[in-house]
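Asker: The following block contains the structure, expressed as structure tokens.
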Amino acid sequence: MAQALRPNTAGGLFATDGKPHPLQDTLMAVTLALGITSFITAMFHHLHLLSSWTGLVGILTGAYGQWISVTTRERFGLVLGLGAAAVGFFLGMAHGGLFG
């Protein structure tokens with residue numbers, strides 16, 4: 001039962017390697033911000049330009065972030081942002097597209 005006394009330092013969904021990743025964290029924050037903006041503005045028909053452009057940029061930013069991500073925490077945030085950006089992008093395209 002010695003393992004019961006040791007703390008679990010290598011587990012958890014948001015486990016990190018203990019090193020700073022400023023580029024990956026910035027890409028995650030930008031992707032989340034663009035995804036939320038795109039998703040919210042997609043609910044309004046007259047904001048299709050903002051929704052489609054922020055969605056497209058969010059998808060591209062999130063894809064690059066996924067490519068260079070290191071930890072599960074970064075990937076989790078990127079997937080949430082990518083999903084919101086994709087929904088906003090597709091609804092913006094359905095409401096009028098990138099160029100109105």
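Following the order of the structure tokens, first chain is A, next is B, and so on, with residues numbered from 1 inside each chain and ligands from 1 in the order they appear.
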Considering only C-alpha atoms, return as a ChimeraX atom specification whatever protein or nucleic-acid residues lie within 7 Å of Gly58 in chain A, sequence-local ones (same chain, fewer than 2 positions apart) excluded.

Answerer: /A:31,34-35,54-56,60-62,82,85

Asker: Give me a file of those residues, with N, CA, C and O atoms, as a PDB file, in the first residue's frame.

Answerer:
```
ATOM      1  N   THR A  31      -7.744  31.524 -30.290  1.00  0.00           N
ATOM      2  CA  THR A  31      -8.722  30.622 -30.895  1.00  0.00           C
ATOM      3  C   THR A  31     -10.023  30.610 -30.105  1.00  0.00           C
ATOM      4  O   THR A  31     -11.114  30.640 -30.687  1.00  0.00           O
ATOM      5  N   LEU A  34     -11.797  34.029 -30.745  1.00  0.00           N
ATOM      6  CA  LEU A  34     -12.390  34.078 -32.079  1.00  0.00           C
ATOM      7  C   LEU A  34     -13.565  33.119 -32.199  1.00  0.00           C
ATOM      8  O   LEU A  34     -14.577  33.433 -32.840  1.00  0.00           O
ATOM      9  N   GLY A  35     -13.451  31.950 -31.592  1.00  0.00           N
ATOM     10  CA  GLY A  35     -14.537  30.981 -31.639  1.00  0.00           C
ATOM     11  C   GLY A  35     -15.776  31.482 -30.930  1.00  0.00           C
ATOM     12  O   GLY A  35     -16.897  31.349 -31.444  1.00  0.00           O
ATOM     13  N   THR A  54     -14.372  35.842 -38.568  1.00  0.00           N
ATOM     14  CA  THR A  54     -13.775  35.410 -37.310  1.00  0.00           C
ATOM     15  C   THR A  54     -13.753  33.892 -37.216  1.00  0.00           C
ATOM     16  O   THR A  54     -12.827  33.316 -36.649  1.00  0.00           O
ATOM     17  N   GLY A  55     -14.761  33.248 -37.772  1.00  0.00           N
ATOM     18  CA  GLY A  55     -14.760  31.786 -37.792  1.00  0.00           C
ATOM     19  C   GLY A  55     -13.629  31.222 -38.638  1.00  0.00           C
ATOM     20  O   GLY A  55     -12.954  30.278 -38.234  1.00  0.00           O
ATOM     21  N   LEU A  56     -13.413  31.815 -39.804  1.00  0.00           N
ATOM     22  CA  LEU A  56     -12.345  31.335 -40.677  1.00  0.00           C
ATOM     23  C   LEU A  56     -10.972  31.537 -40.046  1.00  0.00           C
ATOM     24  O   LEU A  56     -10.139  30.622 -40.035  1.00  0.00           O
ATOM     25  N   LEU A  60      -8.271  28.564 -38.758  1.00  0.00           N
ATOM     26  CA  LEU A  60      -6.863  28.526 -39.166  1.00  0.00           C
ATOM     27  C   LEU A  60      -5.926  28.637 -37.965  1.00  0.00           C
ATOM     28  O   LEU A  60      -4.927  27.911 -37.881  1.00  0.00           O
ATOM     29  N   THR A  61      -6.248  29.532 -37.026  1.00  0.00           N
ATOM     30  CA  THR A  61      -5.432  29.688 -35.827  1.00  0.00           C
ATOM     31  C   THR A  61      -5.461  28.413 -34.990  1.00  0.00           C
ATOM     32  O   THR A  61      -4.431  27.952 -34.492  1.00  0.00           O
ATOM     33  N   GLY A  62      -6.642  27.836 -34.835  1.00  0.00           N
ATOM     34  CA  GLY A  62      -6.768  26.614 -34.049  1.00  0.00           C
ATOM     35  C   GLY A  62      -6.073  25.426 -34.686  1.00  0.00           C
ATOM     36  O   GLY A  62      -5.497  24.589 -33.992  1.00  0.00           O
ATOM     37  N   LEU A  82     -11.996  25.656 -31.708  1.00  0.00           N
ATOM     38  CA  LEU A  82     -12.193  25.215 -33.092  1.00  0.00           C
ATOM     39  C   LEU A  82     -13.650  24.864 -33.363  1.00  0.00           C
ATOM     40  O   LEU A  82     -14.196  25.196 -34.421  1.00  0.00           O
ATOM     41  N   ALA A  85     -15.655  28.091 -33.496  1.00  0.00           N
ATOM     42  CA  ALA A  85     -15.321  28.834 -34.717  1.00  0.00           C
ATOM     43  C   ALA A  85     -15.920  28.169 -35.950  1.00  0.00           C
ATOM     44  O   ALA A  85     -16.403  28.855 -36.854  1.00  0.00           O
TER      45      ALA A  85
END
```

Asker: Tell me, in Å to one decimal, how far CA of His48 in chain A is from CA of Leu23 in chain A.

Answerer: 29.6 Å

Asker: Select, from A:Val70, A:Leu91, A:Ala86, A:Leu98, the residue with the minimum atom-to-atom distance to Met28 in chain A, counting only C-alpha atoms.

Answerer: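 Comparing A:Val70, A:Leu91, A:Ala86, A:Leu98 against Met28 in chain A, the winner is A:Val70.
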
Asker: Could you please determine the separation between CA of Leu80 in chain A and CA of His95 in chain A in Å, to one decimal place?

Answerer: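 Going from CA of Leu80 in chain A over to CA of His95 in chain A covers 22.7 Å.
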